[in-house]
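Note: the block below is model-v9.txt and it holds compact mmCIF, C-alpha atoms.
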# COMPACT_ATOMS: atom_id res chain seq x y z
CA MET A 1 3.81 13.38 13.77
CA THR A 2 5.47 15.56 11.20
CA GLY A 3 6.37 18.12 13.85
CA ARG A 4 8.75 15.93 15.87
CA ARG A 5 12.26 17.33 16.13
CA ARG A 6 15.16 15.22 15.07
CA SER A 7 18.83 16.00 15.60
CA SER A 8 19.86 14.60 12.26
CA ILE A 9 18.57 12.77 9.23
CA PRO A 10 20.36 9.44 8.68
CA ARG A 11 21.95 9.09 5.28
CA PRO A 12 21.50 5.92 3.30
CA SER A 13 24.44 3.51 3.42
CA ARG A 14 25.50 0.87 0.91
CA THR A 15 25.85 -2.89 0.97
CA VAL A 16 26.95 -5.18 -1.85
CA THR A 17 25.38 -8.44 -2.95
CA SER A 18 27.78 -10.71 -4.84
CA LEU A 19 26.64 -13.33 -7.31
CA ILE A 20 28.38 -15.92 -5.15
CA ALA A 21 27.37 -14.77 -1.67
CA CYS A 22 24.74 -12.09 -1.12
CA THR A 23 24.31 -10.10 2.05
CA THR A 24 22.02 -7.21 2.80
CA ALA A 25 22.48 -4.57 5.46
CA VAL A 26 19.38 -2.61 6.37
CA ALA A 27 20.48 0.53 8.16
CA ALA A 28 18.31 3.05 9.96
CA GLY A 29 18.69 5.35 6.97
CA ALA A 30 19.12 3.36 3.79
CA SER A 31 21.05 0.61 2.10
CA LEU A 32 22.10 -0.40 -1.40
CA LEU A 33 21.71 -3.86 -2.84
CA THR A 34 23.89 -4.53 -5.86
CA GLY A 35 25.21 -7.43 -7.87
CA CYS A 36 28.94 -7.89 -8.58
CA GLY A 37 30.59 -9.28 -11.67
CA VAL A 38 28.89 -10.40 -14.88
CA LEU A 39 25.24 -11.32 -14.52
CA PRO A 40 24.17 -14.80 -15.58
CA GLY A 41 22.66 -14.67 -19.04
CA THR A 42 24.23 -11.36 -20.07
CA THR A 43 26.81 -10.78 -22.78
CA GLY A 44 29.51 -9.39 -20.53
CA GLY A 45 27.74 -6.51 -18.81
CA SER A 46 27.35 -4.25 -21.88
CA ARG A 47 24.20 -2.76 -20.41
CA GLU A 48 24.42 -0.35 -17.51
CA PRO A 49 22.93 -1.13 -14.10
CA VAL A 50 19.60 0.46 -13.15
CA THR A 51 19.41 2.06 -9.72
CA VAL A 52 16.06 2.74 -8.06
CA MET A 53 14.94 3.55 -4.53
CA THR A 54 12.25 2.15 -2.21
CA TRP A 55 11.45 3.94 1.03
CA ALA A 56 9.13 3.27 3.96
CA PRO A 57 8.92 4.10 7.68
CA ASP A 58 10.42 1.67 10.17
CA GLY A 59 10.77 1.73 13.94
CA THR A 60 8.27 4.56 14.47
CA LYS A 61 5.36 4.94 16.90
CA ALA A 62 2.80 4.99 14.10
CA THR A 63 2.57 3.03 10.84
CA ASN A 64 5.65 0.99 9.89
CA MET A 65 6.20 -0.76 6.57
CA PRO A 66 9.57 -2.56 6.74
CA GLY A 67 8.35 -5.27 4.37
CA MET A 68 8.31 -2.90 1.39
CA PRO A 69 12.06 -2.21 1.11
CA ALA A 70 12.72 -5.83 2.12
CA MET A 71 10.51 -7.03 -0.75
CA ALA A 72 12.39 -4.71 -3.12
CA GLN A 73 15.69 -6.26 -2.08
CA ALA A 74 14.36 -9.79 -2.54
CA TYR A 75 13.05 -8.81 -5.97
CA ALA A 76 16.49 -7.53 -6.96
CA ARG A 77 18.16 -10.74 -5.82
CA TRP A 78 15.68 -12.69 -7.92
CA VAL A 79 16.05 -10.74 -11.17
CA ASN A 80 19.83 -10.41 -10.82
CA ALA A 81 20.17 -14.15 -10.31
CA ASN A 82 18.37 -14.57 -13.63
CA GLY A 83 20.30 -12.15 -15.80
CA GLY A 84 18.83 -8.87 -14.57
CA ILE A 85 16.04 -6.99 -16.31
CA ASP A 86 16.68 -7.07 -20.05
CA GLY A 87 20.39 -7.46 -19.24
CA HIS A 88 20.45 -4.63 -16.68
CA GLU A 89 21.58 -5.34 -13.15
CA LEU A 90 18.98 -3.96 -10.72
CA ARG A 91 20.36 -1.97 -7.81
CA ILE A 92 18.12 -1.05 -4.89
CA LEU A 93 18.55 1.90 -2.56
CA THR A 94 16.34 1.72 0.53
CA CYS A 95 15.54 4.54 2.92
CA ASN A 96 13.71 4.89 6.25
CA GLU A 97 11.49 7.94 5.86
CA GLN A 98 10.59 7.73 9.58
CA ASN A 99 6.98 8.95 9.20
CA THR A 100 8.18 12.56 9.15
CA SER A 101 8.24 15.20 6.45
CA ALA A 102 11.95 15.77 7.16
CA GLY A 103 12.68 12.07 6.74
CA ALA A 104 10.67 11.83 3.52
CA ALA A 105 12.40 14.89 2.09
CA ALA A 106 15.81 13.45 3.02
CA CYS A 107 15.02 10.19 1.22
CA ALA A 108 13.88 12.12 -1.85
CA ARG A 109 17.02 14.26 -1.86
CA ARG A 110 19.16 11.14 -1.64
CA ALA A 111 17.27 9.65 -4.58
CA VAL A 112 18.07 12.79 -6.57
CA GLN A 113 21.74 12.70 -5.55
CA GLU A 114 22.03 9.07 -6.61
CA LYS A 115 20.28 9.86 -9.93
CA VAL A 116 17.87 6.95 -9.54
CA ALA A 117 15.74 5.94 -12.50
CA ALA A 118 12.61 5.80 -10.31
CA VAL A 119 11.29 5.55 -6.79
CA VAL A 120 9.34 2.29 -6.69
CA GLY A 121 6.87 0.61 -4.33
CA SER A 122 7.22 3.04 -1.43
CA TYR A 123 5.18 4.25 1.55
CA SER A 124 4.98 7.76 2.96
CA GLN A 125 2.26 10.00 4.33
CA ASN A 126 4.38 13.06 3.49
CA GLY A 127 3.61 13.61 -0.18
CA ARG A 128 4.41 17.30 -0.25
CA ALA A 129 7.84 16.68 1.23
CA PHE A 130 8.97 13.96 -1.18
CA MET A 131 7.16 14.76 -4.43
CA ALA A 132 8.57 18.24 -5.05
CA PRO A 133 12.25 17.13 -5.11
CA LEU A 134 11.36 14.22 -7.40
CA GLU A 135 9.48 16.50 -9.78
CA VAL A 136 12.37 18.95 -9.99
CA ALA A 137 14.72 16.08 -10.90
CA GLY A 138 12.21 14.40 -13.24
CA ILE A 139 12.17 11.14 -11.24
CA PRO A 140 8.99 9.05 -11.60
CA TYR A 141 7.23 7.68 -8.49
CA ILE A 142 5.91 4.22 -9.40
CA GLY A 143 3.44 2.27 -7.29
CA GLY A 144 3.37 4.19 -4.04
CA TYR A 145 1.14 2.79 -1.32
CA GLY A 146 -1.54 5.37 -2.08
CA THR A 147 -1.79 7.39 1.15
CA THR A 148 -1.28 10.94 -0.17
CA ASP A 149 -3.03 13.28 -2.59
CA GLU A 150 0.24 13.89 -4.44
CA GLU A 151 0.40 10.23 -5.50
CA PHE A 152 -2.80 10.80 -7.48
CA SER A 153 -2.11 14.31 -8.73
CA SER A 154 1.58 14.65 -9.57
CA TYR A 155 2.40 14.27 -13.26
CA LEU A 156 5.33 12.04 -12.28
CA SER A 157 3.31 9.64 -10.11
CA TYR A 158 2.12 6.31 -11.51
CA PRO A 159 -0.15 4.65 -8.90
CA VAL A 160 -0.97 0.94 -9.14
CA ASN A 161 -3.99 0.94 -6.80
CA GLY A 162 -6.84 3.30 -5.95
CA GLY A 163 -5.33 4.38 -2.66
CA GLN A 164 -7.23 5.01 0.51
CA ALA A 165 -10.08 6.68 -1.40
CA ALA A 166 -10.93 3.50 -3.31
CA LEU A 167 -10.71 1.37 -0.16
CA ILE A 168 -12.99 3.60 1.92
CA ALA A 169 -15.54 4.17 -0.84
CA GLY A 170 -15.52 0.46 -1.64
CA HIS A 171 -15.92 -0.38 2.03
CA GLY A 172 -19.09 1.70 2.13
CA MET A 173 -20.42 -0.36 -0.79
CA GLN A 174 -19.45 -3.59 0.99
CA LEU A 175 -21.28 -2.57 4.18
CA ALA A 176 -24.33 -1.08 2.48
CA ASP A 177 -26.22 -4.38 2.26
CA GLN A 178 -24.90 -5.73 5.56
CA CYS A 179 -25.34 -2.98 8.13
CA ARG A 180 -28.34 -0.96 9.25
CA ARG A 181 -26.11 1.63 10.92
CA VAL A 182 -22.35 2.18 10.70
CA SER A 183 -19.93 3.82 13.12
CA LEU A 184 -16.65 4.96 11.58
CA VAL A 185 -13.61 5.38 13.84
CA ARG A 186 -10.86 7.12 11.92
CA PRO A 187 -7.75 9.26 12.52
CA ASP A 188 -8.25 12.86 13.57
CA THR A 189 -6.00 14.04 10.75
CA VAL A 190 -6.38 15.83 7.44
CA SER A 191 -6.32 12.47 5.66
CA GLY A 192 -8.85 11.05 8.10
CA ASP A 193 -11.20 13.99 7.57
CA LYS A 194 -11.88 12.73 4.04
CA MET A 195 -12.96 9.25 5.12
CA PRO A 196 -16.57 9.93 6.21
CA GLU A 197 -17.74 11.30 2.87
CA LEU A 198 -15.98 8.54 0.95
CA LEU A 199 -17.59 5.87 3.14
CA ASN A 200 -20.97 7.60 2.88
CA SER A 201 -20.69 7.70 -0.89
CA GLY A 202 -20.52 3.92 -0.87
CA LEU A 203 -23.27 3.52 1.73
CA ARG A 204 -25.63 5.66 -0.34
CA LYS A 205 -25.63 3.08 -3.13
CA ALA A 206 -28.13 1.15 -0.99
CA SER A 207 -29.87 4.31 0.29
CA ARG A 208 -28.49 3.78 3.77
CA ARG A 209 -28.13 6.57 6.29
CA THR A 210 -24.70 8.11 6.64
CA ALA A 211 -22.10 6.74 9.03
CA VAL A 212 -21.48 8.19 12.48
CA ASP A 213 -18.08 9.91 12.36
CA ILE A 214 -15.82 9.28 15.37
CA PRO A 215 -12.38 10.92 15.09
CA ALA A 216 -9.61 9.45 17.25
CA VAL A 217 -5.96 10.17 18.00
CA GLU A 218 -3.92 8.16 15.51
CA ASP A 219 -1.30 6.82 17.92
CA ALA A 220 -3.30 6.28 21.13
CA GLY A 221 -2.63 3.27 23.35
CA GLU A 222 -6.31 2.56 24.02
CA TYR A 223 -9.69 3.69 22.67
CA ILE A 224 -12.27 2.82 25.33
CA ALA A 225 -14.29 6.03 24.93
CA GLN A 226 -14.38 5.73 21.13
CA ALA A 227 -15.26 2.03 21.36
CA GLU A 228 -18.20 2.75 23.69
CA GLN A 229 -19.49 5.49 21.40
CA ALA A 230 -19.04 3.37 18.27
CA ARG A 231 -20.97 0.43 19.71
CA SER A 232 -23.75 2.64 21.02
CA GLU A 233 -24.17 4.54 17.73
CA ALA A 234 -24.20 1.32 15.69
CA GLY A 235 -27.47 0.31 17.35
CA LYS A 236 -28.61 -2.91 18.95
CA LYS A 237 -29.18 -4.98 15.80
CA HIS A 238 -27.51 -5.22 12.40
CA GLY A 239 -25.03 -2.48 13.24
CA CYS A 240 -21.39 -2.32 12.14
CA VAL A 241 -18.34 -0.71 13.67
CA THR A 242 -15.55 0.02 11.22
CA ALA A 243 -12.14 1.26 12.32
CA VAL A 244 -9.44 2.56 9.96
CA LEU A 245 -6.49 3.49 12.17
CA GLY A 246 -3.55 1.77 10.50
CA GLU A 247 -1.43 -0.15 13.00
CA ARG A 248 -3.52 1.25 15.87
CA THR A 249 -6.62 -0.55 14.60
CA GLN A 250 -5.65 -3.51 16.78
CA ASN A 251 -5.55 -1.19 19.81
CA PHE A 252 -9.06 0.00 19.02
CA PHE A 253 -10.51 -3.48 18.70
CA ASP A 254 -8.69 -4.57 21.87
CA SER A 255 -10.57 -1.78 23.61
CA PHE A 256 -13.77 -2.78 21.84
CA ARG A 257 -13.38 -6.39 22.98
CA ARG A 258 -12.96 -5.31 26.59
CA LEU A 259 -16.30 -3.45 26.71
CA PRO A 260 -18.81 -4.95 29.15
CA SER A 261 -21.21 -7.38 27.49
CA ASP A 262 -24.63 -6.03 26.57
CA ASP A 263 -27.40 -6.75 24.08
CA HIS A 264 -25.76 -5.05 21.08
CA GLU A 265 -25.33 -7.30 18.03
CA VAL A 266 -22.52 -5.58 16.16
CA ARG A 267 -20.21 -6.76 13.38
CA ILE A 268 -16.81 -5.20 12.88
CA SER A 269 -15.05 -4.21 9.69
CA SER A 270 -12.04 -2.42 8.27
CA VAL A 271 -9.81 -2.16 5.20
CA LEU A 272 -6.58 -3.92 4.32
CA GLY A 273 -3.65 -2.06 5.78
CA SER A 274 -5.57 -1.65 9.03
CA VAL A 275 -6.65 -5.31 9.29
CA GLY A 276 -4.83 -8.15 7.53
CA GLN A 277 -4.15 -11.86 7.83
CA GLN A 278 -1.16 -11.32 10.09
CA LEU A 279 -3.31 -9.38 12.58
CA VAL A 280 -6.03 -12.06 12.49
CA ASP A 281 -3.40 -14.74 13.19
CA ARG A 282 -1.83 -12.70 15.99
CA THR A 283 -5.17 -12.17 17.74
CA GLY A 284 -6.34 -15.78 17.77
CA GLY A 285 -7.18 -16.89 14.24
CA SER A 286 -10.69 -18.38 14.19
CA ASN A 287 -11.10 -17.29 17.83
CA SER A 288 -10.04 -13.73 17.00
CA VAL A 289 -12.29 -10.74 17.54
CA PHE A 290 -12.00 -10.34 13.75
CA GLU A 291 -13.81 -13.59 12.95
CA GLY A 292 -16.67 -12.60 10.61
CA ALA A 293 -15.24 -9.14 9.96
CA PHE A 294 -15.75 -7.47 6.58
CA VAL A 295 -12.57 -6.19 4.92
CA THR A 296 -12.05 -4.27 1.67
CA GLY A 297 -8.77 -4.67 -0.22
CA TRP A 298 -7.11 -3.57 -3.44
CA TYR A 299 -6.00 -6.99 -4.57
CA PRO A 300 -7.11 -10.65 -4.45
CA GLU A 301 -6.92 -12.36 -1.04
CA ALA A 302 -3.46 -13.49 -0.01
CA GLY A 303 -4.20 -17.16 -0.66
CA ASP A 304 -5.16 -16.58 -4.28
CA ARG A 305 -3.05 -18.54 -6.79
CA ARG A 306 -2.19 -15.32 -8.64
CA TRP A 307 0.23 -14.49 -5.83
CA GLU A 308 2.21 -17.69 -6.39
CA PRO A 309 5.07 -16.04 -8.39
CA MET A 310 5.58 -13.54 -5.56
CA ARG A 311 5.44 -16.24 -2.89
CA LYS A 312 8.07 -18.23 -4.79
CA VAL A 313 10.42 -15.24 -4.96
CA ILE A 314 9.94 -14.58 -1.23
CA LYS A 315 10.63 -18.21 -0.39
CA GLU A 316 13.78 -18.39 -2.51
CA HIS A 317 15.22 -14.90 -2.14
CA ALA A 318 13.94 -13.36 1.11
CA PHE A 319 15.60 -16.18 3.05
CA ALA A 320 14.56 -15.96 6.73
CA ASP A 321 13.60 -12.29 6.53
CA ASN A 322 10.37 -12.18 8.52
CA ARG A 323 9.69 -8.62 7.40
CA VAL A 324 8.49 -9.97 4.06
CA ASP A 325 4.94 -11.21 4.68
CA PRO A 326 3.16 -12.22 1.44
CA ALA A 327 -0.18 -11.22 3.02
CA ASP A 328 1.02 -7.66 3.73
CA PRO A 329 -0.58 -5.17 1.29
CA GLY A 330 2.63 -3.12 1.40
CA VAL A 331 4.66 -6.12 0.24
CA GLN A 332 2.01 -6.87 -2.39
CA THR A 333 2.04 -3.28 -3.65
CA THR A 334 5.85 -3.36 -3.90
CA TRP A 335 5.71 -6.58 -5.93
CA ILE A 336 3.23 -5.00 -8.36
CA ALA A 337 5.26 -1.77 -8.57
CA TYR A 338 8.41 -3.71 -9.50
CA THR A 339 6.38 -5.68 -12.04
CA VAL A 340 5.64 -2.30 -13.65
CA LEU A 341 9.31 -1.29 -13.54
CA LYS A 342 10.37 -4.56 -15.14
CA LYS A 343 7.90 -4.14 -17.99
CA VAL A 344 9.01 -0.55 -18.59
CA ILE A 345 12.71 -1.44 -18.71
CA GLU A 346 12.03 -4.32 -21.08
CA SER A 347 9.99 -2.04 -23.34
CA LEU A 348 12.87 0.46 -23.61
CA ASN A 349 15.39 -2.05 -25.02
CA THR A 350 18.25 0.34 -24.35
CA ASP A 351 21.73 0.11 -22.84
CA THR A 352 21.13 3.03 -20.47
CA VAL A 353 17.94 3.47 -18.44
CA THR A 354 17.27 6.96 -17.07
CA ALA A 355 14.43 8.58 -15.17
CA THR A 356 13.46 10.53 -18.28
CA LYS A 357 13.21 7.38 -20.39
CA VAL A 358 11.16 5.57 -17.75
CA ALA A 359 8.69 8.46 -17.38
CA ARG A 360 8.38 8.84 -21.15
CA ALA A 361 7.59 5.15 -21.62
CA LEU A 362 4.89 5.32 -18.96
CA ASP A 363 3.39 8.49 -20.43
CA GLN A 364 3.34 6.99 -23.91
CA GLY A 365 1.15 4.12 -22.77
CA VAL A 366 3.22 1.05 -21.95
CA ARG A 367 0.67 -1.55 -20.84
CA VAL A 368 1.47 -3.67 -17.78
CA ASP A 369 -0.09 -7.09 -17.22
CA THR A 370 0.17 -7.87 -13.49
CA GLY A 371 -1.01 -11.45 -13.83
CA GLY A 372 -4.55 -10.65 -12.75
CA LEU A 373 -3.56 -8.98 -9.47
CA THR A 374 -4.92 -5.71 -10.90
CA PRO A 375 -6.55 -4.74 -14.18
CA ASP A 376 -3.97 -4.08 -16.90
CA LEU A 377 -2.28 -0.82 -15.96
CA ARG A 378 -1.64 2.18 -18.23
CA TRP A 379 -1.23 5.86 -17.43
CA ARG A 380 -2.33 7.65 -20.58
CA TYR A 381 -4.70 10.57 -20.18
CA GLU A 382 -7.63 8.50 -21.43
CA ASP A 383 -6.89 5.77 -18.85
CA MET A 384 -7.36 8.12 -15.90
CA LEU A 385 -10.63 8.45 -13.98
CA GLY A 386 -10.26 12.22 -13.71
CA VAL A 387 -11.62 12.59 -10.17
CA PRO A 388 -11.07 16.12 -8.81
CA GLY A 389 -8.01 16.00 -6.60
CA MET A 390 -7.11 12.54 -7.92
CA PRO A 391 -6.60 12.96 -11.67
CA ARG A 392 -3.98 10.19 -11.88
CA LEU A 393 -6.27 7.43 -10.58
CA VAL A 394 -6.21 4.58 -13.13
CA ASN A 395 -7.05 1.50 -11.03
CA HIS A 396 -10.39 1.98 -9.28
CA GLU A 397 -11.19 -1.65 -8.54
CA VAL A 398 -11.27 -3.30 -5.10
CA THR A 399 -12.05 -6.70 -3.61
CA PHE A 400 -14.55 -7.61 -0.89
CA GLN A 401 -13.20 -10.04 1.69
CA VAL A 402 -14.39 -11.55 4.97
CA VAL A 403 -12.68 -13.42 7.82
CA ARG A 404 -13.93 -17.02 7.89
CA GLN A 405 -12.43 -19.66 10.17
CA GLY A 406 -9.51 -17.35 10.81
CA ARG A 407 -8.67 -16.74 7.15
CA LEU A 408 -9.27 -13.72 4.95
CA VAL A 409 -11.18 -15.06 1.96
CA ALA A 410 -13.18 -13.56 -0.88
CA GLN A 411 -16.68 -12.50 0.13
CA ARG A 412 -17.56 -12.33 -3.55
CA PRO A 413 -15.47 -13.31 -6.57
CA GLY A 414 -13.59 -10.84 -8.73
CA PHE A 415 -13.10 -7.10 -8.54
CA VAL A 416 -15.64 -4.37 -7.80
CA ASP A 417 -15.36 -1.09 -9.72
CA VAL A 418 -15.71 1.85 -7.33
CA GLY A 419 -14.89 4.57 -9.85
CA ASP A 420 -18.37 6.12 -9.89
CA THR A 421 -18.57 5.95 -6.10
CA VAL A 422 -15.26 7.79 -5.68
CA ARG A 423 -16.34 10.33 -8.29
CA ARG A 424 -19.58 11.08 -6.42
CA ALA A 425 -17.85 11.73 -3.09
CA PRO A 426 -17.67 15.48 -2.29
In structure tokens, write the structure found in this file.
Amino acid sequence: MTGRRRSSIPRPSRTVTSLIACTTAVAAGASLLTGCGVLPGTTGGSREPVTVMTWAPDGTKATNMPGMPAMAQAYARWVNANGGIDGHELRILTCNEQNTSAGAAACARRAVQEKVAAVVGSYSQNGRAFMAPLEVAGIPYIGGYGTTDEEFSSYLSYPVNGGQAALIAGHGMQLADQCRRVSLVRPDTVSGDKMPELLNSGLRKASRRTAVDIPAVEDAGEYIAQAEQARSEAGKKHGCVTAVLGERTQNFFDSFRRLPSDDHEVRISSVLGSVGQQLVDRTGGSNSVFEGAFVTGWYPEAGDRRWEPMRKVIKEHAFADNRVDPADPGVQTTWIAYTVLKKVIESLNTDTVTATKVARALDQGVRVDTGGLTPDLRWRYEDMLGVPGMPRLVNHEVTFQVVRQGRLVAQRPGFVDVGDTVRRAP
């Protein structure tokens, strides 16, 4: 995907949100959400605005995350309507990184040009392309979605979840007591190549045999051959088929559903980001192929009361924007990332917020309470798990969920620590 040619990289454009009437323009490249005039609750605007950026792919043939920049814009409308963050107006730049390294690099360069205080709550699979420009400019990357190695290795990255590694390792633990044999269908990519050992690390906790690895093209329209192999390898009884293909997971299970009936008794499973409540609803709810499916997530299930503050902000400030789904893990990650930013800005108690000040506060151990959506977050050296290749991992807890009567609900209460499982993976 990163090799596609593009004639030009769209530059972010600006829109203005007034305190009287707010409008947001989301362009193919980027947009700016600002507040005009004196913020309610401030003393005349003595504190300077804080500009940050959120990027994500939109309108591509692979994974799209339009809800992340949309959530960032709704968050800004909320805080600005209530006096800003510690008296600072919050300005949001958004950028479509287009699932390409060129697009990600263009977004990062724009963030540098705009001298943003941070990049917050973003999604990209192109870590090498975006992290280097941010590092040169000293811009912290707060609460990325967790898809790249750089998010867990760069000294300027501050992840809020355990990324794909925690999900896959945790999923192995979730399936260990449920499945005699497991077939794993995953992308035939560098990132996908790491999934089998992570899943196996979790499966080994119950001394189960390793999963059958079935690579697949990430953006295929159908997966009949892989579905047939996965069902066959899972065995006739107590087998599980797990697919982790992002937005193409639905395509895989559509193919799986169309297989001729036989005597295999197989349960299906996945991780949040590949299967979520929206997909369950779209495929029939309680009559969906996902009924009974096991799912591993980073956060509590979408119906948990701890999400109520976010749901209220979406209801009041996202208006009719259907990109902002409170059950979307990208939207949830963005909410948590901006919770971190808010805490950091409040801790600074300064008239001018810069990237250097934000990074210093994070490095010095500002503690962030996310209202129980994650463990308390801190990024001191002693808070990090220290996994080879992922030294910045600080949150290594996941949740086990299951689809019951068409709803994703907790399979077991609370969080599950997968730190040792991730550490044991080769």
Shell of 12 Å around Trp379 of chain A, only C-alpha atoms, local chain residues under 5 positions omitted, as a list in words:
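My list of contacting residues is Ile142, Gly143, Phe152, Tyr155, Leu156, Ser157, Tyr158, Pro159, Val160, Val340, Ala359, Arg360, Ala361, Leu362, Asp363, Gln364, Gly365, Val366, Arg367, Val368, Met384, Leu385, Gly386, Pro391, Arg392, Leu393, Val394 and Asn395 of chain A.
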Take atom CA of Asp219 of chain A and atom CA of Phe400 of chain A and report the distance between them in Å, one decimal.
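According to the coordinates, atom CA of Asp219 of chain A and atom CA of Phe400 of chain A are separated by 27.2 Å.
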If you count only C-alpha atoms, which residues fall within 10 Å of Thr210 of chain A, apart from same-chain ones fewer than 4 positions away, as an MDAnalysis selection string?
chainID A and resid 172 181:184 196:197 199:204
Nearest to Gly297 of chain A among A:Ala176, A:Val409, A:Ala337, A:Met131, with distances taken over all atoms listed in the file: which residue is it?
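That would be A:Val409, the residue with the smallest distance to Gly297 of chain A.
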If you count all atoms listed in the file, which residues fall within 10 Å of Phe252 of chain A, apart from same-chain ones fewer than 6 positions away, as a PyMOL selection string?
chain A and resi 185+216+220-227+243-245
Of the candidates A:Val190, A:Tyr299, A:Val344, A:Thr354, which one gets nearest to Ala166 of chain A if we count all atoms listed in the file?
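Under the stated criterion, the closest residue is A:Tyr299.
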Measuring atom to atom with all atoms listed in the file, identify which of A:Lys61, A:Lys236, A:Arg282, A:Arg248 is nearest to Asp263 of chain A.
A:Lys236
Could you check the closest approach to Pro326 of chain A for each of A:His171, A:Lys115, A:Arg47, A:Arg306 and tell me which residue wins, using only C-alpha atoms?
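Once distances to Pro326 of chain A are computed over only C-alpha atoms, the minimum belongs to A:Arg306.
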Neighbours of point (10.0, 11.6, -3.7) within 9 Å, using only C-alpha atoms, written as a VMD selection string
chain A and resid 104 to 105 107 to 109 111 to 112 119 127 to 135 139 to 141
Please, what distance in Å, to one decimal, runs between atom CA of Pro57 of chain A and atom CA of Asn322 of chain A?
16.4 Å
Find the residues around Thr148 of chain A up to 8 Å (all atoms listed in the file counted), leave out those fewer than 5 positions away in its own chain, and share them as a PyMOL selection string.
chain A and resi 124-127+191
What separation in Å, quoted to one decimal, exists between atom CA of Ala70 of chain A and atom CA of Ala318 of chain A?
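For atom CA of Ala70 of chain A relative to atom CA of Ala318 of chain A, the distance reads 7.7 Å.
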Which residue of A:Val241, A:Gln277, A:Val387, A:Thr339 approaches Arg424 of chain A most closely, using all atoms listed in the file:
A:Val387
